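Structure first, then comments.
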Amino acid sequence: MAHIPFSKSVSARLRDSVFVVVIDNPPVNALSADVRSGLMAALDHVASLDAATGIVLTGAGSTFIGGADIKEFGKPSVEPMLPEVIERIEAFGKPVVAAVNGAALGGGCEVALACHGRIVGEKASFGLPEVKLGIVPGAGGTQRLPRLIGLVAAIDLIGSGRAVKTGEAVALGLADGIATDPVGAAIALAHEFTGKPLRRTGVICVPPAEDPAAVSAAEAKVLAKSRGQSAPAEAIRLVKATGELDLRQGLAEERATFLRLRDSSESAALRHIFFAERAAGKVEGLDKASSRKIETVAVVGTGLMGSGIAVSALTSGHRVIALEQTPEAAASGKARIAETLDKSVRSGRLTAGGRDDCLARLQTTAEAKDLVKADLVIEAVFDDLTVKTDLFRRLDGIVRADAILATNTSYLNPDAIAAATADPSRVVGLHFFSPANVMRLVEVVDCAKTAPEVLASALAFVKGLGKLPVVCGVTEGFIGNSIFSAYRREAEFMLEDGALPQEIDAALEAYGFPMGIFAVNDMAGLEIAWARRKRQAATRDPAARYVEIADRLCEAGRLGHKSGRGWYAYPDGKRTIDPEVTAVIEAARAAKNIASRSFTPAEIMSRLLKAMVDEGTALLADGVAARPGDIDVVMINGYGFPAHRGGPMFAAEQNKDQPHA
Ligand code: T1G
């Protein structure tokens, strides 16, 4: 039978007397109004078509359905609404089977849950990521998932928003089978179902008598990670209600919660970040630049940063050549990389086979000439200009002419490093965050002479690592460290004016940061910033306000966590207020005749946010950051800024009419 269109993005064809309905709404087959109305029309058509015994639903391309169309949020709703479509599927008189060819997320997962059967392809995944957008599933996810997989697993998946791949989906009971041709297998399953009572997920009883301790443990695990956010707790409440409410009551409660949260500031902030993260790696006009294929990556230096970068490249399938100065250093670099991979195996992030495969793609060497095979060289040596420029000068004579050279410097000027090479157009900055195999953020520095093709290649490489690239221009500290320095300076001004480190940290933590700035400094160690301040002392503007408290602490041997004392004391490793630090601060105030005054948490946050925003505004004016959202993405993914506040630039925009954030 011919191909029948039901809307712009939904069409169908009869195959073996089953109506195969395909959703084709690039890029991710989101459930736009057009898709919803197309699905309804297809259901109407099949209901009255005797020649069709059932329906198979599938997605075109590599996604099944990526969820509701997030771009429609905040706009007037258009009928038919998704819950209506989903109820129609579940109640349908003929079997409806999902052929899950790729990601079934959010509303896409809810569509699949309402089908009478599910066949998964090898690339399938299921997830209800709504909490990551500050909402709860709005079309039955919290009510149907526990009915299929139980409360404990549903709390884990819906509360965390994580997606499960084919293997786990089958183990959880989400799928009726795996097939290389999911549509063909789904047609067969629809035939099997024909004439039998259909399995309607919504009427299944929630598996009774689940161990209450396991339910509480799953709940506690989710809540521990959702500091300051309300969606995860709301989602858990709804999942648990499946044991108490019937489907209709449960769905009504879910919908009401969804609508309330959809209009919350938490959801607006998280949606902003969703789109900002996808925009941050884009440069206007760059898509035309063709990117070079990067298969072999050389990492120079195998310290903490270099070995983390090597692990990240290995686990994403690259060949890695790790260069050290001596064979002994190369051997310990190899051991460090192997240990990091082992750790991933222990935590379940990597299989033993995956680790062996990574090690087979790793070469460690002390011979610089081995770098000739590299498509990209990432330098992760000591952050010293002479060391780096010497290295880049030497690389010219070693690497291929088409190899890309990247520096991982945090504070040095990458243009100065690039100037040491014969061809600065092939140099780019790749500022990874530590530990580099875990942290998603990478600042991709577009240096003065970086060629568009080199920038495009670097961006594609970072995305290929599964990381989050943010493009920025050259300035000391790029986006993140510039803003960090600015608010650290403001925090120290407040210390001098009367606040204490524990008060400032408490305000930041109450706002949603996992750790306040002074506790963070203690963890990172105070000596690097101290060395920088000493280097800058000669050129510092004598009229500019300078707070000496941190210097006094360093001089007293208080270098942070490692030395057992910093802004706090750490008896038995536990952060504790130290009267000695209070005394140093009071002495510094007295030396400048500052009359100490008290600060409220709101005032502390307002001053810190203002410092971040002022610096962010300057970075935008200088073209170092292209969009305010880029700054938000960096602060959230690199510096612990709470995602549900949307980042400093977003928060400032939201609160611009209020005196305090
Ligand atoms: N709506 C609108 N646009 C979307 C979208 C969506 N749901 N998902 C992705 N995009 C855009 C994205 O902005 C980008 O655009 C392009 O698609 C490619 O995305 C009722 C309320 C599916 C795993 O949260 O996780 O259902 O930048 O770069 O790496 O209960 O996109 O090219 O212009 O991420 O191949 C729940 C979000 C919605 C899924 C594909 N769904 N998406 O990854 O591509 S709420 C989600 C993803 C909901 C119901 C509720 C991923 C992906 P541009 P991409 P990718």
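Simple scheme: letters A, B, ... for chains in structure tokens order, numbers from 1 for residues in each chain, numbers from 1 for ligands in the order shown.
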
Hey, which residues come within 6 Å of ligand 1 if we count only C-alpha atoms and all ligand atoms? Could you give them as a PyMOL selection string? chain A and resi 27-28+30+66-71+105-107+129-130+137-139+275+278-279

With a distance cut-off of 10 Å and only C-alpha atoms, select the neighbouring residues of Leu412 (chain A), excluding the residue or stretch itself and same-chain residues fewer than 3 positions from it, and output the selection as a PyMOL selection string.
chain A and resi 383-385+388+407-409+415-417+474-478

Give the strand (DSSP E) residues of region 362-452 of chain A, as DSSP finds them on the backbone, and put them as a PyMOL selection string.
chain A and resi 362-365+376-379+404-407+427-432+441-445

Save out the residues we just selected, N, CA, C and O atoms, as an mmCIF file, in the first residue's frame.
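Full text of again_1.cif as output:
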```cif
data_model
loop_
_atom_site.group_PDB
_atom_site.id
_atom_site.type_symbol
_atom_site.label_atom_id
_atom_site.label_comp_id
_atom_site.auth_asym_id
_atom_site.auth_seq_id
_atom_site.Cartn_x
_atom_site.Cartn_y
_atom_site.Cartn_z
ATOM 1 N N LEU A 362 47.108 2.719 23.607
ATOM 2 C CA LEU A 362 47.987 3.695 24.276
ATOM 3 C C LEU A 362 49.455 3.366 24.024
ATOM 4 O O LEU A 362 49.878 2.223 24.159
ATOM 5 N N GLN A 363 50.206 4.404 23.634
ATOM 6 C CA GLN A 363 51.656 4.254 23.548
ATOM 7 C C GLN A 363 52.265 5.315 24.451
ATOM 8 O O GLN A 363 51.933 6.494 24.314
ATOM 9 N N THR A 364 53.132 4.907 25.372
ATOM 10 C CA THR A 364 53.836 5.923 26.163
ATOM 11 C C THR A 364 55.287 5.922 25.704
ATOM 12 O O THR A 364 55.836 4.862 25.395
ATOM 13 N N THR A 365 55.872 7.082 25.645
ATOM 14 C CA THR A 365 57.208 7.177 25.059
ATOM 15 C C THR A 365 57.981 8.358 25.645
ATOM 16 O O THR A 365 57.375 9.301 26.168
ATOM 17 N N LEU A 376 46.678 15.458 16.431
ATOM 18 C CA LEU A 376 46.498 16.565 17.380
ATOM 19 C C LEU A 376 47.473 16.338 18.531
ATOM 20 O O LEU A 376 47.586 15.220 19.031
ATOM 21 N N VAL A 377 48.181 17.403 18.911
ATOM 22 C CA VAL A 377 49.068 17.311 20.074
ATOM 23 C C VAL A 377 48.496 18.232 21.150
ATOM 24 O O VAL A 377 48.248 19.416 20.902
ATOM 25 N N ILE A 378 48.255 17.675 22.344
ATOM 26 C CA ILE A 378 47.772 18.514 23.448
ATOM 27 C C ILE A 378 48.888 18.609 24.474
ATOM 28 O O ILE A 378 49.352 17.599 25.004
ATOM 29 N N GLU A 379 49.303 19.838 24.725
ATOM 30 C CA GLU A 379 50.379 20.041 25.680
ATOM 31 C C GLU A 379 49.781 20.219 27.067
ATOM 32 O O GLU A 379 48.847 21.008 27.250
ATOM 33 N N ILE A 404 47.427 19.517 14.428
ATOM 34 C CA ILE A 404 46.942 20.659 15.219
ATOM 35 C C ILE A 404 47.662 20.657 16.560
ATOM 36 O O ILE A 404 47.895 19.596 17.150
ATOM 37 N N LEU A 405 48.040 21.847 17.021
ATOM 38 C CA LEU A 405 48.736 21.946 18.309
ATOM 39 C C LEU A 405 47.826 22.651 19.314
ATOM 40 O O LEU A 405 47.316 23.742 19.041
ATOM 41 N N ALA A 406 47.635 22.034 20.467
ATOM 42 C CA ALA A 406 46.758 22.639 21.475
ATOM 43 C C ALA A 406 47.508 22.819 22.782
ATOM 44 O O ALA A 406 48.298 21.965 23.177
ATOM 45 N N THR A 407 47.244 23.941 23.433
ATOM 46 C CA THR A 407 47.831 24.158 24.751
ATOM 47 C C THR A 407 46.725 24.101 25.801
ATOM 48 O O THR A 407 45.631 24.611 25.593
ATOM 49 N N VAL A 427 47.456 26.576 15.958
ATOM 50 C CA VAL A 427 47.445 26.485 17.424
ATOM 51 C C VAL A 427 46.092 26.932 17.979
ATOM 52 O O VAL A 427 45.510 27.917 17.537
ATOM 53 N N VAL A 428 45.619 26.176 18.966
ATOM 54 C CA VAL A 428 44.344 26.474 19.598
ATOM 55 C C VAL A 428 44.522 26.174 21.089
ATOM 56 O O VAL A 428 45.411 25.431 21.470
ATOM 57 N N GLY A 429 43.689 26.772 21.927
ATOM 58 C CA GLY A 429 43.743 26.449 23.362
ATOM 59 C C GLY A 429 42.679 25.412 23.691
ATOM 60 O O GLY A 429 41.552 25.493 23.216
ATOM 61 N N LEU A 430 43.056 24.411 24.484
ATOM 62 C CA LEU A 430 42.065 23.454 24.989
ATOM 63 C C LEU A 430 42.224 23.424 26.499
ATOM 64 O O LEU A 430 43.115 22.749 27.017
ATOM 65 N N HIS A 431 41.413 24.215 27.180
ATOM 66 C CA HIS A 431 41.547 24.305 28.634
ATOM 67 C C HIS A 431 40.616 23.305 29.298
ATOM 68 O O HIS A 431 39.421 23.553 29.452
ATOM 69 N N PHE A 432 41.196 22.160 29.662
ATOM 70 C CA PHE A 432 40.418 21.114 30.348
ATOM 71 C C PHE A 432 40.341 21.462 31.835
ATOM 72 O O PHE A 432 41.175 22.201 32.364
ATOM 73 N N LEU A 441 33.434 20.140 31.058
ATOM 74 C CA LEU A 441 33.715 21.437 30.447
ATOM 75 C C LEU A 441 35.112 21.523 29.827
ATOM 76 O O LEU A 441 36.086 21.076 30.432
ATOM 77 N N VAL A 442 35.193 22.097 28.635
ATOM 78 C CA VAL A 442 36.490 22.428 28.034
ATOM 79 C C VAL A 442 36.353 23.818 27.404
ATOM 80 O O VAL A 442 35.469 24.037 26.566
ATOM 81 N N GLU A 443 37.196 24.757 27.836
ATOM 82 C CA GLU A 443 37.211 26.062 27.169
ATOM 83 C C GLU A 443 38.094 25.924 25.923
ATOM 84 O O GLU A 443 39.266 25.566 26.021
ATOM 85 N N VAL A 444 37.498 26.165 24.765
ATOM 86 C CA VAL A 444 38.237 26.064 23.510
ATOM 87 C C VAL A 444 38.643 27.487 23.132
ATOM 88 O O VAL A 444 37.783 28.324 22.839
ATOM 89 N N VAL A 445 39.944 27.742 23.181
ATOM 90 C CA VAL A 445 40.398 29.123 23.036
ATOM 91 C C VAL A 445 40.739 29.424 21.580
ATOM 92 O O VAL A 445 41.640 28.811 20.992
#
```

Closest of A:Glu548, A:Pro197, A:Ser291, A:Val20 to Lys534 (chain A), counting only C-alpha atoms, is A:Glu548

Excluding Ala276 (chain A) and any residue of its chain fewer than 6 positions from it, enumerate the residues within 12 Å of it, using only C-alpha atoms, and give them as a short mmCIF file (atom, residue, chain, number, x, y, z; two decimals) with all heavy atoms, in the first residue's frame.
```cif
data_model
loop_
_atom_site.label_atom_id
_atom_site.label_comp_id
_atom_site.auth_asym_id
_atom_site.auth_seq_id
_atom_site.Cartn_x
_atom_site.Cartn_y
_atom_site.Cartn_z
N ALA A 269 15.35 28.28 34.32
CA ALA A 269 16.81 28.31 34.40
C ALA A 269 17.41 27.09 33.71
O ALA A 269 18.36 27.19 32.92
CB ALA A 269 17.24 28.35 35.86
N LEU A 270 16.86 25.91 33.98
CA LEU A 270 17.44 24.69 33.42
C LEU A 270 17.20 24.60 31.91
O LEU A 270 18.04 24.08 31.18
CB LEU A 270 16.88 23.46 34.16
CG LEU A 270 17.42 23.34 35.60
CD1 LEU A 270 16.62 22.32 36.40
CD2 LEU A 270 18.90 22.94 35.60
N LYS A 282 29.12 26.62 19.33
CA LYS A 282 28.88 27.04 17.95
C LYS A 282 29.50 28.41 17.69
O LYS A 282 29.41 29.28 18.54
CB LYS A 282 27.38 27.08 17.66
CG LYS A 282 26.78 25.68 17.71
CD LYS A 282 25.38 25.65 17.13
CE LYS A 282 24.87 24.22 17.13
NZ LYS A 282 23.55 24.08 17.73
N LEU A 468 31.82 19.13 26.80
CA LEU A 468 31.05 20.32 26.51
C LEU A 468 32.01 21.47 26.17
O LEU A 468 32.64 22.04 27.05
CB LEU A 468 30.27 20.64 27.79
CG LEU A 468 29.38 21.84 27.84
CD1 LEU A 468 28.34 21.78 26.75
CD2 LEU A 468 28.68 21.88 29.20
N PRO A 469 32.16 21.78 24.88
CA PRO A 469 33.08 22.86 24.52
C PRO A 469 32.42 24.24 24.63
O PRO A 469 31.26 24.40 24.25
CB PRO A 469 33.42 22.56 23.06
CG PRO A 469 32.24 21.80 22.53
CD PRO A 469 31.55 21.14 23.69
N VAL A 470 33.16 25.20 25.17
CA VAL A 470 32.69 26.59 25.16
C VAL A 470 33.81 27.40 24.50
O VAL A 470 34.96 27.35 24.95
CB VAL A 470 32.45 27.13 26.59
CG1 VAL A 470 32.01 28.59 26.53
CG2 VAL A 470 31.40 26.29 27.30
N ALA A 626 31.12 35.03 23.72
CA ALA A 626 30.24 35.47 22.63
C ALA A 626 28.83 35.76 23.12
O ALA A 626 28.14 36.61 22.57
CB ALA A 626 30.21 34.41 21.54
N ARG A 627 28.37 35.01 24.14
CA ARG A 627 26.98 35.13 24.60
C ARG A 627 26.95 35.04 26.11
O ARG A 627 27.75 34.29 26.70
CB ARG A 627 26.14 33.94 24.08
CG ARG A 627 25.91 33.88 22.60
CD ARG A 627 25.50 32.46 22.21
NE ARG A 627 26.70 31.64 22.20
CZ ARG A 627 27.22 31.10 21.11
NH1 ARG A 627 26.63 31.24 19.95
NH2 ARG A 627 28.33 30.39 21.15
N PRO A 628 25.98 35.70 26.75
CA PRO A 628 25.87 35.55 28.22
C PRO A 628 25.71 34.09 28.63
O PRO A 628 26.28 33.65 29.63
CB PRO A 628 24.60 36.34 28.56
CG PRO A 628 24.41 37.29 27.43
CD PRO A 628 25.00 36.65 26.22
N GLY A 629 25.00 33.31 27.80
CA GLY A 629 24.78 31.89 28.12
C GLY A 629 26.09 31.11 28.20
O GLY A 629 26.18 30.14 28.95
N ASP A 630 27.10 31.53 27.43
CA ASP A 630 28.39 30.82 27.49
C ASP A 630 29.00 30.96 28.88
O ASP A 630 29.61 30.03 29.41
CB ASP A 630 29.37 31.41 26.46
CG ASP A 630 28.92 31.16 25.02
OD1 ASP A 630 27.86 30.53 24.84
OD2 ASP A 630 29.63 31.60 24.10
N ILE A 631 28.83 32.14 29.46
CA ILE A 631 29.38 32.39 30.80
C ILE A 631 28.64 31.51 31.81
O ILE A 631 29.25 30.88 32.68
CB ILE A 631 29.24 33.88 31.13
CG1 ILE A 631 30.14 34.69 30.18
CG2 ILE A 631 29.57 34.16 32.60
CD1 ILE A 631 29.91 36.18 30.21
N ASP A 632 27.33 31.44 31.66
CA ASP A 632 26.53 30.60 32.56
C ASP A 632 26.96 29.14 32.47
O ASP A 632 27.11 28.46 33.49
CB ASP A 632 25.04 30.74 32.21
CG ASP A 632 24.50 32.14 32.52
OD1 ASP A 632 25.07 32.81 33.39
OD2 ASP A 632 23.51 32.56 31.87
N VAL A 633 27.17 28.67 31.24
CA VAL A 633 27.55 27.27 31.05
C VAL A 633 28.90 26.99 31.72
O VAL A 633 29.09 25.96 32.37
CB VAL A 633 27.61 26.95 29.53
CG1 VAL A 633 28.27 25.61 29.27
CG2 VAL A 633 26.19 26.94 28.94
N VAL A 634 29.83 27.91 31.58
CA VAL A 634 31.15 27.72 32.20
C VAL A 634 31.04 27.70 33.72
O VAL A 634 31.59 26.82 34.40
CB VAL A 634 32.13 28.84 31.76
CG1 VAL A 634 33.40 28.83 32.61
CG2 VAL A 634 32.49 28.68 30.29
N ILE A 636 28.51 26.98 35.62
CA ILE A 636 27.78 25.81 36.13
C ILE A 636 28.61 24.54 36.00
O ILE A 636 28.69 23.74 36.92
CB ILE A 636 26.43 25.68 35.39
CG1 ILE A 636 25.48 26.77 35.89
CG2 ILE A 636 25.81 24.30 35.57
CD1 ILE A 636 24.19 26.90 35.11
N ASN A 637 29.28 24.38 34.85
CA ASN A 637 29.98 23.12 34.62
C ASN A 637 31.41 23.10 35.13
O ASN A 637 32.02 22.04 35.19
CB ASN A 637 29.96 22.78 33.13
CG ASN A 637 28.57 22.38 32.69
OD1 ASN A 637 28.13 21.27 32.96
ND2 ASN A 637 27.86 23.31 32.06
N ALA A 643 23.00 24.77 38.83
CA ALA A 643 22.36 24.77 37.51
C ALA A 643 20.94 25.31 37.59
O ALA A 643 20.49 26.01 36.69
CB ALA A 643 22.35 23.35 36.95
N GLY A 646 20.49 28.83 36.79
CA GLY A 646 20.68 29.25 35.40
C GLY A 646 21.99 29.97 35.10
O GLY A 646 22.20 30.41 33.98
N GLY A 647 22.87 30.09 36.11
CA GLY A 647 24.14 30.80 35.88
C GLY A 647 24.02 32.25 36.28
O GLY A 647 22.91 32.79 36.38
N MET A 649 24.66 35.16 34.78
CA MET A 649 24.11 36.14 33.85
C MET A 649 22.59 35.98 33.77
O MET A 649 21.83 36.96 33.79
CB MET A 649 24.72 35.98 32.44
CG MET A 649 26.23 36.02 32.38
SD MET A 649 26.98 37.47 33.18
CE MET A 649 26.77 38.72 31.94
N PHE A 650 22.12 34.73 33.76
CA PHE A 650 20.68 34.46 33.72
C PHE A 650 20.04 34.94 35.02
O PHE A 650 19.00 35.61 35.01
CB PHE A 650 20.44 32.96 33.52
CG PHE A 650 18.99 32.58 33.47
CD1 PHE A 650 18.26 32.67 32.29
CD2 PHE A 650 18.33 32.12 34.61
CE1 PHE A 650 16.92 32.33 32.25
CE2 PHE A 650 16.98 31.77 34.57
CZ PHE A 650 16.28 31.88 33.38
#
```

Computed gap from CA of Pro26 (chain A) to CA of Ala456 (chain A) is 23.0 Å

Between A:Ile594, A:Cys472, A:Ala322, A:Ala506, smallest distance to Asp622 (chain A) by only C-alpha atoms belongs to A:Cys472

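When CA of Leu619 (chain A) is paired with CA of Ile273 (chain A), their separation reads 19.0 Å.
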
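Among A:Ile178, A:Ala154, A:Ala422, A:Ile135, the residue with the shortest atom-to-atom distance to Ala401 (chain A), counting only C-alpha atoms, is A:Ala422.
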
**Request:** Could you give me the residues within region 433-638 of chain A that DSSP places in alpha helix (DSSP H), as a VMD selection string?
**Result:** chain A and resid 452 to 464 478 to 497 501 to 511 517 to 524 527 to 536 549 to 555 579 to 591 601 to 621 628 to 638

Students should find that CA of Val613 (chain A) and CA of Gly498 (chain A) are spaced 22.8 Å
